[in-house]
$ cat protein-v9.txt   # compact mmCIF, C-alpha atoms
# COMPACT_ATOMS: atom_id res chain seq x y z
CA MET A 955 60.36 12.70 -31.06
CA ARG A 956 57.03 13.83 -29.62
CA LYS A 957 55.67 10.29 -29.75
CA LYS A 958 58.64 8.95 -27.85
CA LYS A 959 58.21 11.55 -25.06
CA LYS A 960 54.54 10.62 -24.62
CA SER A 961 55.29 6.93 -24.14
CA SER A 962 57.93 7.59 -21.48
CA ASN A 963 55.40 9.71 -19.47
CA GLU A 964 52.87 6.85 -19.32
CA VAL A 965 51.92 6.36 -15.66
CA GLN A 966 51.47 2.82 -14.42
CA LEU A 967 49.53 2.37 -11.21
CA ASN A 968 50.87 -0.18 -8.80
CA LEU A 969 47.78 -2.22 -8.05
CA ALA A 970 49.51 -4.65 -5.70
CA ALA A 971 48.81 -2.57 -2.58
CA MET A 972 45.16 -2.14 -3.49
CA LEU A 973 44.87 -5.84 -4.18
CA ASP A 974 46.39 -6.63 -0.77
CA MET A 975 43.82 -4.45 0.94
CA ALA A 976 40.98 -5.92 -1.10
CA PHE A 977 42.08 -9.45 -0.19
CA GLN A 978 42.17 -8.50 3.47
CA LEU A 979 38.63 -7.16 3.28
CA LEU A 980 37.54 -10.28 1.44
CA ALA A 981 39.14 -12.52 4.08
CA PHE A 982 37.33 -10.58 6.81
CA PHE A 983 33.93 -10.97 5.16
CA ILE A 984 34.48 -14.67 4.43
CA LEU A 985 35.55 -15.38 8.00
CA THR A 986 32.69 -13.47 9.60
CA PHE A 987 30.04 -14.74 7.18
CA LYS A 988 27.50 -16.87 8.98
CA PRO A 989 24.25 -17.37 7.12
CA ALA A 990 21.30 -17.26 9.51
CA ALA A 991 18.98 -20.25 9.66
CA VAL A 992 15.63 -19.83 7.91
CA GLU A 993 13.06 -18.77 10.48
CA VAL A 994 9.30 -19.10 10.20
CA GLU A 995 6.64 -17.41 12.26
CA LEU A 996 3.20 -17.81 13.75
CA ARG A 997 1.73 -14.34 13.62
CA MET A 998 -1.13 -13.65 15.98
CA ASN A 999 -3.19 -10.79 17.28
CA LEU A 1000 -3.38 -11.13 21.04
CA PRO A 1001 -5.20 -8.21 22.57
CA MET A 1002 -5.35 -7.87 26.34
CA GLN A 1003 -8.09 -10.09 27.69
CA GLN A 1004 -11.03 -8.20 29.10
CA GLY A 1005 -12.44 -10.94 31.28
CA VAL A 1006 -11.07 -13.94 33.07
CA ALA A 1007 -14.02 -16.23 32.36
CA VAL A 1008 -13.29 -18.55 29.52
CA TYR A 1009 -16.56 -20.23 28.99
CA LYS A 1010 -19.99 -20.55 30.50
CA GLU A 1011 -20.78 -23.83 32.13
CA GLU A 1012 -24.46 -23.04 32.43
CA LYS A 1013 -26.83 -22.74 29.53
CA THR A 1014 -27.98 -19.14 29.65
CA GLU A 1015 -28.67 -18.59 26.00
CA THR A 1016 -31.74 -16.90 24.74
CA PRO A 1017 -33.59 -18.45 21.78
CA GLN A 1018 -32.43 -15.57 19.55
CA ASN A 1019 -28.76 -16.46 19.74
CA SER A 1020 -29.19 -20.18 20.05
CA ARG A 1021 -26.60 -22.20 18.30
CA PRO A 1022 -26.76 -25.63 16.63
CA PRO A 1023 -27.50 -28.46 19.04
CA ASP A 1024 -23.93 -29.43 19.50
CA GLY A 1025 -22.82 -30.24 23.02
CA VAL A 1026 -19.67 -28.15 23.21
CA VAL A 1027 -20.41 -25.34 20.79
CA ALA A 1028 -23.79 -24.61 22.29
CA ILE A 1029 -22.59 -23.76 25.76
CA TYR A 1030 -19.12 -22.26 25.35
CA GLU A 1031 -18.23 -18.65 24.61
CA ALA A 1032 -14.82 -19.89 23.60
CA ILE A 1033 -13.79 -23.42 22.87
CA PRO A 1034 -11.41 -24.43 25.65
CA VAL A 1035 -8.38 -26.54 24.86
CA HIS A 1036 -6.59 -27.79 27.97
CA VAL A 1037 -2.98 -28.84 27.50
CA ASP A 1038 -1.28 -30.74 30.32
CA ALA A 1039 2.43 -31.31 30.54
CA GLU A 1040 4.88 -33.58 32.27
CA GLY A 1041 7.95 -32.44 34.20
CA ASP A 1042 10.12 -32.50 31.06
CA GLY A 1043 7.82 -29.97 29.39
CA LYS A 1044 6.30 -32.41 26.92
CA ILE A 1045 2.55 -32.72 26.40
CA SER A 1046 0.94 -35.37 28.60
CA GLY A 1047 -2.65 -34.84 27.56
CA ILE A 1048 -5.01 -32.57 25.63
CA LYS A 1049 -8.67 -32.01 26.32
CA LEU A 1050 -11.09 -30.28 24.01
CA GLY A 1051 -13.78 -28.99 26.33
CA GLN A 1052 -14.35 -31.90 28.70
CA ARG A 1053 -13.37 -34.47 26.10
CA SER A 1054 -9.95 -36.05 26.24
CA ILE A 1055 -8.34 -36.00 22.78
CA VAL A 1056 -4.74 -36.90 23.53
CA THR A 1057 -3.44 -38.99 26.39
CA GLY A 1058 0.29 -39.34 26.81
CA PRO A 1059 2.93 -37.67 24.62
CA ALA A 1060 1.51 -35.87 21.60
CA SER A 1061 2.62 -37.28 18.28
CA GLU A 1062 2.02 -35.64 14.91
CA GLY A 1063 -1.01 -37.89 14.52
CA SER A 1064 -2.58 -36.96 17.83
CA LEU A 1065 -2.17 -33.25 17.14
CA ALA A 1066 -3.73 -33.83 13.73
CA LEU A 1067 -6.67 -35.43 15.56
CA LEU A 1068 -6.97 -32.34 17.77
CA GLY A 1069 -6.97 -30.20 14.65
CA GLN A 1070 -9.62 -32.37 13.06
CA GLU A 1071 -11.92 -32.23 16.09
CA LEU A 1072 -11.39 -28.50 16.56
CA GLY A 1073 -11.97 -27.93 12.86
CA LYS A 1074 -15.30 -29.78 13.09
CA LEU A 1075 -16.45 -27.52 15.94
CA ILE A 1076 -15.49 -24.17 14.50
CA SER A 1077 -16.50 -24.87 10.92
CA GLN A 1078 -20.18 -25.26 11.80
CA PRO A 1079 -22.43 -22.33 10.91
CA ASN A 1080 -22.93 -19.95 13.88
CA ALA A 1081 -20.25 -21.78 15.85
CA VAL A 1082 -18.06 -19.82 18.23
CA ASP A 1083 -14.95 -18.55 16.53
CA ARG A 1084 -12.78 -18.21 19.59
CA VAL A 1085 -10.42 -20.72 21.12
CA GLU A 1086 -8.95 -20.42 24.58
CA ILE A 1087 -5.88 -22.56 25.19
CA VAL A 1088 -5.23 -23.24 28.84
CA MET A 1089 -1.74 -24.63 29.29
CA SER A 1090 0.21 -26.17 32.11
CA SER A 1091 3.05 -23.90 33.25
CA LYS A 1092 5.44 -26.84 32.82
CA LEU A 1093 4.84 -26.95 29.07
CA ASN A 1094 7.85 -25.94 27.00
CA TYR A 1095 7.93 -23.49 24.10
CA ALA A 1096 8.42 -26.23 21.48
CA GLU A 1097 5.20 -27.99 22.48
CA PHE A 1098 3.34 -24.68 22.92
CA ILE A 1099 4.12 -23.64 19.37
CA ARG A 1100 3.02 -27.04 18.02
CA VAL A 1101 -0.40 -26.63 19.67
CA MET A 1102 -0.70 -23.04 18.44
CA GLU A 1103 0.21 -24.11 14.91
CA THR A 1104 -2.44 -26.84 14.99
CA CYS A 1105 -5.08 -24.30 16.06
CA THR A 1106 -4.11 -21.59 13.56
CA LYS A 1107 -4.36 -24.11 10.69
CA GLN A 1108 -8.10 -24.60 11.29
CA LYS A 1109 -10.67 -22.77 9.22
CA LEU A 1110 -13.95 -21.16 10.20
CA ALA A 1111 -17.29 -21.70 8.47
CA ASN A 1112 -16.62 -18.64 6.28
CA GLY A 1113 -13.33 -20.16 5.09
CA LYS A 1114 -11.15 -17.74 7.03
CA PRO A 1115 -8.42 -19.18 9.22
CA LEU A 1116 -8.99 -19.27 12.96
CA SER A 1117 -7.29 -16.20 14.39
CA ASN A 1118 -9.21 -15.50 17.57
CA ILE A 1119 -6.99 -17.50 19.89
CA ASN A 1120 -6.09 -16.64 23.43
CA PHE A 1121 -3.87 -18.57 25.74
CA LYS A 1122 -3.31 -18.63 29.42
CA VAL A 1123 -1.19 -20.62 31.79
CA LYS A 1124 -2.60 -22.43 34.78
CA MET B 100 72.36 -7.74 -26.38
CA SER B 101 71.53 -10.17 -23.63
CA GLY B 102 71.12 -7.32 -21.07
CA SER B 103 68.67 -5.57 -23.35
CA LEU B 104 66.71 -8.79 -23.77
CA ALA B 105 66.40 -9.18 -19.97
CA ALA B 106 65.01 -5.67 -19.64
CA GLU B 107 62.41 -6.35 -22.31
CA ASP B 108 61.39 -9.63 -20.59
CA ASN B 109 60.37 -7.75 -17.45
CA VAL B 110 56.76 -8.99 -17.41
CA GLU B 111 54.20 -7.25 -15.22
CA PRO B 112 50.95 -9.17 -14.72
CA ASN B 113 47.74 -7.29 -15.37
CA MET B 114 46.11 -6.99 -11.96
CA THR B 115 42.94 -5.29 -13.16
CA PRO B 116 40.75 -8.41 -13.73
CA ILE B 117 41.70 -9.99 -10.39
CA LEU B 118 41.00 -6.70 -8.62
CA ASP B 119 37.63 -6.48 -10.35
CA MET B 120 36.74 -9.97 -9.21
CA VAL B 121 37.83 -9.31 -5.62
CA PHE B 122 35.77 -6.12 -5.47
CA GLN B 123 32.76 -8.00 -6.79
CA LEU B 124 33.19 -10.61 -4.05
CA ILE B 125 33.52 -7.87 -1.41
CA THR B 126 30.35 -6.24 -2.74
CA PHE B 127 28.52 -9.57 -2.49
CA PHE B 128 29.54 -10.13 1.13
CA MET B 129 28.72 -6.55 2.06
CA LEU B 130 25.24 -6.93 0.59
CA VAL B 131 24.44 -10.24 2.27
CA ILE B 132 25.79 -9.24 5.68
CA ASN B 133 22.83 -8.97 8.04
CA PHE B 134 23.21 -6.24 10.61
CA LYS B 135 19.71 -6.88 11.96
CA GLY B 136 20.85 -10.39 12.82
CA ALA B 137 22.57 -9.00 15.90
CA ALA B 138 19.14 -8.72 17.54
CA LEU B 139 18.58 -12.44 17.04
CA ASP B 140 20.15 -14.50 19.78
CA GLN B 141 21.83 -17.33 17.86
CA SER B 142 22.49 -19.29 21.04
CA LEU B 143 18.78 -20.08 21.33
CA GLN B 144 17.64 -23.40 19.96
CA LEU B 145 14.36 -22.56 18.26
CA PRO B 146 11.74 -25.28 17.80
CA ILE B 147 11.18 -26.73 14.34
CA LEU B 148 7.80 -26.26 12.69
CA GLY B 149 6.64 -27.91 9.54
CA SER B 150 4.04 -25.66 8.06
CA ALA B 151 4.40 -22.21 9.62
CA LYS B 152 4.60 -19.28 7.26
CA PRO B 153 7.91 -17.79 6.20
CA ILE B 154 8.54 -14.37 7.69
CA GLU B 155 6.67 -11.70 5.79
CA SER B 156 7.59 -8.22 6.86
CA ALA B 157 6.13 -5.28 5.03
CA GLU B 158 8.31 -2.27 4.41
CA GLY B 159 8.37 0.14 7.33
CA GLU B 160 6.93 -2.43 9.73
CA SER B 161 8.63 -2.02 13.08
CA LEU B 162 9.67 -5.04 15.11
CA LEU B 163 10.57 -5.50 18.74
CA VAL B 164 12.68 -8.64 19.04
CA LEU B 165 12.58 -10.32 22.45
CA ASN B 166 14.69 -13.42 23.10
CA VAL B 167 13.67 -15.62 26.01
CA ASN B 168 16.38 -18.05 27.12
CA PRO B 169 15.79 -21.49 28.72
CA ASP B 170 15.94 -19.90 32.19
CA GLY B 171 13.07 -17.60 31.25
CA LYS B 172 15.31 -14.51 31.18
CA LEU B 173 14.70 -11.79 28.62
CA LYS B 174 17.67 -11.02 26.36
CA VAL B 175 17.80 -8.16 23.90
CA ASP B 176 20.78 -7.59 21.60
CA GLY B 177 22.74 -10.08 23.67
CA ILE B 178 22.13 -8.19 26.93
CA GLU B 179 20.06 -9.75 29.68
CA GLN B 180 17.35 -7.39 30.86
CA LYS B 181 17.19 -7.47 34.66
CA ASP B 182 13.88 -5.61 34.72
CA PRO B 183 11.72 -6.75 31.77
CA THR B 184 8.78 -4.57 32.90
CA ALA B 185 10.86 -1.37 32.75
CA TYR B 186 12.47 -2.39 29.46
CA ILE B 187 9.16 -3.14 27.73
CA HIS B 188 7.64 0.07 29.12
CA GLN B 189 10.57 2.05 27.71
CA GLU B 190 10.28 0.31 24.34
CA ALA B 191 6.52 0.96 24.25
CA LYS B 192 7.15 4.68 24.77
CA ALA B 193 9.73 4.70 21.96
CA CYS B 194 7.40 2.73 19.66
CA LEU B 195 4.52 5.14 20.38
CA LYS B 196 6.75 8.12 19.56
CA THR B 197 7.82 6.53 16.26
CA ALA B 198 4.24 5.54 15.39
CA GLN B 199 2.94 9.04 16.21
CA ALA B 200 5.51 10.54 13.84
CA GLU B 201 3.88 8.52 11.04
CA ASN B 202 0.31 8.77 12.27
CA PRO B 203 -0.32 11.87 14.44
CA LYS B 204 -3.88 10.68 15.21
CA LEU B 205 -2.54 7.76 17.23
CA SER B 206 -3.21 8.37 20.90
CA SER B 207 -1.37 6.94 23.87
CA SER B 208 -4.32 4.66 24.64
CA ASP B 209 -4.36 3.07 21.16
CA GLU B 210 -2.83 -0.28 20.40
CA LEU B 211 0.73 -0.08 19.14
CA PRO B 212 1.41 -1.12 15.55
CA THR B 213 4.79 -2.64 16.40
CA ILE B 214 5.09 -6.41 16.05
CA VAL B 215 6.60 -8.13 19.06
CA VAL B 216 8.84 -10.97 17.90
CA ILE B 217 9.12 -13.70 20.51
CA ARG B 218 12.10 -16.00 20.09
CA ALA B 219 12.30 -18.62 22.79
CA ASP B 220 14.35 -21.75 23.30
CA VAL B 221 12.73 -25.16 22.91
CA ASN B 222 13.18 -25.73 26.64
CA THR B 223 11.82 -22.38 27.80
CA HIS B 224 8.75 -22.88 29.95
CA VAL B 225 5.58 -21.43 28.50
CA ASP B 226 5.10 -19.64 31.79
CA ALA B 227 8.08 -17.37 31.01
CA VAL B 228 6.78 -16.73 27.49
CA ASN B 229 3.34 -15.91 28.89
CA THR B 230 4.87 -13.44 31.37
CA ILE B 231 6.60 -11.57 28.53
CA VAL B 232 3.46 -11.62 26.36
CA THR B 233 1.36 -10.29 29.25
CA LEU B 234 3.87 -7.50 29.95
CA CYS B 235 3.71 -6.52 26.28
CA GLN B 236 -0.10 -6.63 26.25
CA LYS B 237 -0.18 -4.32 29.27
CA GLN B 238 1.90 -1.84 27.26
CA ARG B 239 -0.69 -2.01 24.43
CA PHE B 240 1.26 -4.30 22.10
CA LYS B 241 -1.20 -6.52 20.30
CA ARG B 242 0.63 -8.02 17.34
CA PHE B 243 2.89 -10.96 18.08
CA SER B 244 5.11 -13.17 15.98
CA PHE B 245 6.28 -16.43 17.52
CA ARG B 246 9.43 -17.62 15.83
CA ALA B 247 10.58 -21.12 14.98
CA LEU B 248 12.83 -22.76 12.39
CA SER B 249 11.60 -24.27 9.18
CA ARG B 250 11.72 -28.06 8.92
CA LYS B 251 15.18 -29.67 9.24
CA GLY B 252 17.12 -29.68 5.98
CA ASP B 253 15.36 -26.65 4.56
CA ASN B 254 18.12 -24.31 5.60

$ encode --input "protein-v9.txt" --output "structure tokens"
Amino acid sequence: MRKKKKSSNEVQLNLAAMLDMAFQLLAFFILTFKPAAVEVELRMNLPMQQGVAVYKEEKTETPQNSRPPDGVVAIYEAIPVHVDAEGDGKISGIKLGQRSIVTGPASEGSLALLGQELGKLISQPNAVDRVEIVMSSKLNYAEFIRVMETCTKQKLANGKPLSNINFKVK
Amino acid sequence: MSGSLAAEDNVEPNMTPILDMVFQLITFFMLVINFKGAALDQSLQLPILGSAKPIESAEGESLLVLNVNPDGKLKVDGIEQKDPTAYIHQEAKACLKTAQAENPKLSSSDELPTIVVIRADVNTHVDAVNTIVTLCQKQRFKRFSFRALSRKGDN
């Protein structure tokens, strides 16, 4: 008799309502789910520039801080990279110091050449470890970031990556 | 006899496993939902870079996300900032306050530890990006992160 009474008092939860609500929540999350594209970054320290002068044209070095007899490295405080652009924002030419490295649109190969030449300059012992990129105001962000990436990939004589990069727009 | 049989055939499906599964799915979606993504303007077409580093953010590192659209306008959380100078100045004050709470020795003339995240469209002129960077530098921001997308097909 007691057993029978216990079984009749068994409470059964109606899960249908809860399931409805759970499905609605699930539908909301599925419909609003939009996975973000994978972003990458170029992280740089860009302190406020103290001076406007980028490099010294004249040779004013004392024998104590003389550098290796390399044309560009010997006279510059910072290695200047001039990037010119066309009206559509694409690169139309790159100069390293006074030397023209890229003429016309910059392909992967021509930027690799810039990297190679820049790498040669900064990897020499006692070479300047600062690069100043002077860009045309017409240049677009896509091309700007390609040039910056090329520069940040280069390594100094001590094996550390080049981080002392400034840029300005002409 | 037949009536009794019908009553006994009243089958109720066991909803518990399906409810468990649905709750697990809801938990998954709640965990992967990215509330910080609201700061990232998805209408911008970021450039594609082959060998840039994936984003590495240390715990507690504060970020100031600035989106620069193709017209050179600054957008933050989907709102166009009419006066970027005032906005960045305000943010710098807030960042300094937060940084001073963690490091009381930090003075108002020190460089701010906040990383400025620059997200610009492929067609944004570098002039506009430079203007934003200069405004940030004047407010003692020094650390910058220029964003791009990883190579096509990686995402």

$ residues_around --input "protein-v9.txt" --residues "B:Val216" --least-positions-apart "6" --cutoff "9 Å" --atoms "only C-alpha atoms" --output "list in words"
Glu995 and Arg997 of chain A; Leu162, Leu163, Val164, Leu165, Asn166, Arg242, Phe243, Ser244, Phe245 and Arg246 of chain B

$ interface_residues --input "protein-v9.txt" --of "chain A" --to "chain B" --cutoff "8 Å" --atoms "all atoms listed in the file" --output "compact mmCIF listing (two decimals) with C-alpha atoms, in the frame of the given file"
# COMPACT_ATOMS: atom_id res chain seq x y z
CA LEU A 969 47.78 -2.22 -8.05
CA ALA A 970 49.51 -4.65 -5.70
CA LEU A 973 44.87 -5.84 -4.18
CA ALA A 976 40.98 -5.92 -1.10
CA PHE A 977 42.08 -9.45 -0.19
CA LEU A 979 38.63 -7.16 3.28
CA LEU A 980 37.54 -10.28 1.44
CA PHE A 983 33.93 -10.97 5.16
CA ILE A 984 34.48 -14.67 4.43
CA PHE A 987 30.04 -14.74 7.18
CA ALA A 990 21.30 -17.26 9.51
CA ALA A 991 18.98 -20.25 9.66
CA VAL A 992 15.63 -19.83 7.91
CA GLU A 993 13.06 -18.77 10.48
CA VAL A 994 9.30 -19.10 10.20
CA GLU A 995 6.64 -17.41 12.26
CA LEU A 996 3.20 -17.81 13.75
CA ARG A 997 1.73 -14.34 13.62
CA MET A 998 -1.13 -13.65 15.98
CA ASN A 999 -3.19 -10.79 17.28
CA LEU A 1000 -3.38 -11.13 21.04
CA PRO A 1001 -5.20 -8.21 22.57
CA MET A 1002 -5.35 -7.87 26.34
CA GLY A 1043 7.82 -29.97 29.39
CA SER A 1091 3.05 -23.90 33.25
CA LYS A 1092 5.44 -26.84 32.82
CA LEU A 1093 4.84 -26.95 29.07
CA ASN A 1094 7.85 -25.94 27.00
CA TYR A 1095 7.93 -23.49 24.10
CA ALA A 1096 8.42 -26.23 21.48
CA PHE A 1098 3.34 -24.68 22.92
CA ILE A 1099 4.12 -23.64 19.37
CA ARG A 1100 3.02 -27.04 18.02
CA GLU A 1103 0.21 -24.11 14.91
CA LYS A 1122 -3.31 -18.63 29.42
CA VAL A 1123 -1.19 -20.62 31.79

$ atom_distance --input "protein-v9.txt" --atom1 "atom CA of A:Asn1120" --atom2 "atom CA of A:Ser1090"
14.3 Å

$ atom_distance --input "protein-v9.txt" --atom1 "atom CA of A:Leu1065" --atom2 "atom CA of A:Val1101"
7.3 Å

$ atom_distance --input "protein-v9.txt" --atom1 "atom CA of A:Arg1053" --atom2 "atom CA of A:Gly1041"
22.9 Å
